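A.B. asks: Below is the structure I would like to discuss, written out as structure tokens.
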Amino acid sequence: MDCKKDGNLKKCNCTYLKLKEFGKSGIPSAIGTLYYVWPVKTDICETNLDNSIFFLSNSEKSFDFFTNFLANKFPHCPIIDMSSPEIEKELAGYLSGKTRGISLEPVYLYGTDFEKKIWETARKIPYGNVVSYKELAQKAGYPNAFRAAGTALGNNPLMLVVPCHRVIRSNGEIGYFGGGEEVKLMLLDLEQPQQQE
DNA sequence: TGCATGGCGCCGG
DNA sequence: ACCGGCGCCATGC
């Protein structure tokens with residue numbers, strides 16, 4: 001439980017979270033089934049986990065990887081099938097274009113300091129805007145680590161919540177996207193409803 | 001420890 | 001506009 005005592009948990013920042021139960025679920029959407037994991041129950045802890053989310057992806061493969069990670073690192077925490085109306089409402093609002101963004105608080109259960117810095121910096125990109133991988137790295141304080149920044153985005157456990165789809169290449173090319181290039185284009189288009197010729 | 005691997009960027013041809 | 005090549009840097013094995 002105490003991350004600092006276990007070398008295998010060095011990538012875990014959960015020391016202050018007293019988790020009791022994870023909820024996992026998946027809902028169909030325009031960009032494929034969206035799988036998510038969230039905190040169902042926690043002990044009294046220093047952090048308010050209301051409106052929090054641990055994982056979100058349209059990739060079943062990465063979902064399996066994440067739940068396996070949880071089962072290994074949090075053996076005392078049952079992972080139950082339970083949906084979150086709050087989370088699904090946020091996702092529906094965003095994907096329908098009714099809300100400009102998603103009001104869910106990311107909780108990173110793994111990730112290096114560099115990755116978290118990149119993810120948090122990406123999260124500040126306003127709805128409808130795009131930046132290059134280079135600009136993202138600069139904003140995060142690593143002006144020359146634009147390539148590593150791309151790799152870090154590839155490890156983003158919270159699609160949409162951490163809007164890595166708003167990061168494109170300096171030359172204007174769309175760049176890679178773990179959730180699928182067509183999905184990246186779809187999301188960028190969703191955020192530009194007012195554009196017309 | 002060292003080396004290969006990436007969601008990249010930039011310069012030449 | 002389209003490459004190949006090289007540099008860049010955090011990670012993983």
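Starting from 1 in every chain, residues are counted up; chains themselves are A, B, ... following the order of the structure tokens, and ligands are numbered from 1 as listed.
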Can you pull out every residue within 12 Å of stretch 1-9 of chain B, counting only C-alpha atoms (C1' of nucleotides), but drop anything in the same chain fewer than 6 positions away, and send it as a PyMOL selection string?
C.D. replies: (chain A and resi 132-137+143-156+164-181+184) or (chain C and resi 6-13)
A.B. asks: Mind listing the alpha helix (DSSP H) residues of stretch 1-190 of chain A, per DSSP on the backbone, as a ChimeraX atom specification?
C.D. replies: /A:60-73,85-95,113-123,133-140,146-154,181-190
A.B. asks: Please run DSSP on the backbone and report, as a VMD selection string, all residues within stretch 62-164 of chain A that come out as strand (DSSP E).
C.D. replies: chain A and resid 79 to 81 105 to 106 131 to 132
A.B. asks: Okay, now the selection with N, CA, C and O atoms, as a short mmCIF file (atom, residue, chain, number, x, y, z; two decimals), in the first residue's frame?
C.D. replies:
data_model
loop_
_atom_site.label_atom_id
_atom_site.label_comp_id
_atom_site.auth_asym_id
_atom_site.auth_seq_id
_atom_site.Cartn_x
_atom_site.Cartn_y
_atom_site.Cartn_z
N ILE A 79 -12.33 -4.83 -8.18
CA ILE A 79 -12.73 -4.10 -9.38
C ILE A 79 -14.09 -4.65 -9.80
O ILE A 79 -14.19 -5.77 -10.27
N ILE A 80 -15.10 -3.85 -9.60
CA ILE A 80 -16.45 -4.36 -9.87
C ILE A 80 -17.05 -3.69 -11.12
O ILE A 80 -16.63 -2.61 -11.51
N ASP A 81 -18.01 -4.38 -11.71
CA ASP A 81 -18.70 -3.79 -12.86
C ASP A 81 -19.74 -2.81 -12.33
O ASP A 81 -20.76 -3.22 -11.77
N GLU A 105 -12.01 15.02 -13.03
CA GLU A 105 -10.68 15.23 -12.48
C GLU A 105 -9.81 13.99 -12.65
O GLU A 105 -10.15 12.92 -12.14
N PRO A 106 -8.70 14.11 -13.38
CA PRO A 106 -7.83 12.95 -13.57
C PRO A 106 -7.09 12.58 -12.30
O PRO A 106 -6.64 13.45 -11.57
N VAL A 131 -1.93 22.50 -30.46
CA VAL A 131 -0.53 22.92 -30.33
C VAL A 131 0.32 21.80 -30.93
O VAL A 131 -0.15 20.68 -31.11
N SER A 132 1.57 22.11 -31.24
CA SER A 132 2.47 21.09 -31.77
C SER A 132 3.13 20.35 -30.61
O SER A 132 3.12 20.83 -29.48
#
A.B. asks: With a distance cut-off of 12 Å and only C-alpha atoms (C1' of nucleotides), select the neighbouring residues of A:Ser62, excluding the residue or stretch itself and same-chain residues fewer than 2 positions from it, and output the selection as a list in words.
C.D. replies: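 In the requested form, the answer reads Leu34, Tyr35, Tyr36, Val37, Phe55, Leu56, Ser57, Asn58, Ser59, Glu60, Asp64, Phe65, Phe66, Thr67, Asn68, Phe69, Gly154, Asn155, Asn156, Pro157, Leu158, Met159, Gly178 and Gly179 of chain A.
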A.B. asks: List the neighbours of B:DG12 out to 10 Å using only C-alpha atoms (C1' of nucleotides); skip same-chain residues closer than 2 positions along the sequence, and give me the result as an MDAnalysis selection string.
C.D. replies: (chainID B and resid 10) or (chainID C and resid 4:5)
A.B. asks: Go ahead and save the picked residues with N, CA, C and O atoms (P, O5', C5', C4', C3', O3' and C1' of nucleotides), as a compact mmCIF listing (two decimals), in the first residue's frame.
C.D. replies:
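Output below, filename part26.txt:
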# COMPACT_ATOMS: atom_id res chain seq x y z
P DC B 10 11.04 22.77 -36.03
O5' DC B 10 12.37 22.68 -36.90
C5' DC B 10 13.57 22.25 -36.28
C4' DC B 10 14.63 22.03 -37.32
C3' DC B 10 14.44 22.88 -38.57
O3' DC B 10 15.70 23.36 -39.00
C1' DC B 10 14.54 20.61 -39.16
P DG C 4 12.77 7.82 -48.11
O5' DG C 4 14.24 8.19 -47.67
C5' DG C 4 15.15 8.63 -48.66
C4' DG C 4 16.36 9.26 -48.02
C3' DG C 4 16.87 8.52 -46.79
O3' DG C 4 18.29 8.50 -46.85
C1' DG C 4 16.35 10.76 -46.20
P DG C 5 19.08 7.65 -45.76
O5' DG C 5 19.63 8.80 -44.82
C5' DG C 5 20.31 9.90 -45.41
C4' DG C 5 20.64 10.92 -44.35
C3' DG C 5 21.12 10.32 -43.03
O3' DG C 5 22.25 11.01 -42.58
C1' DG C 5 19.29 11.77 -42.64
A.B. asks: Could you check how far atom CA of A:Ile27 sits from atom CA of A:Glu120, in Å to one decimal?
C.D. replies: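 Taking atom CA of A:Ile27 and atom CA of A:Glu120, their separation equals 25.6 Å.
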A.B. asks: Provide the atom CA of A:Asn51 to atom CA of A:Arg100 distance in Å, to one decimal place.
C.D. replies: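 Interatomic distance here is 16.9 Å.
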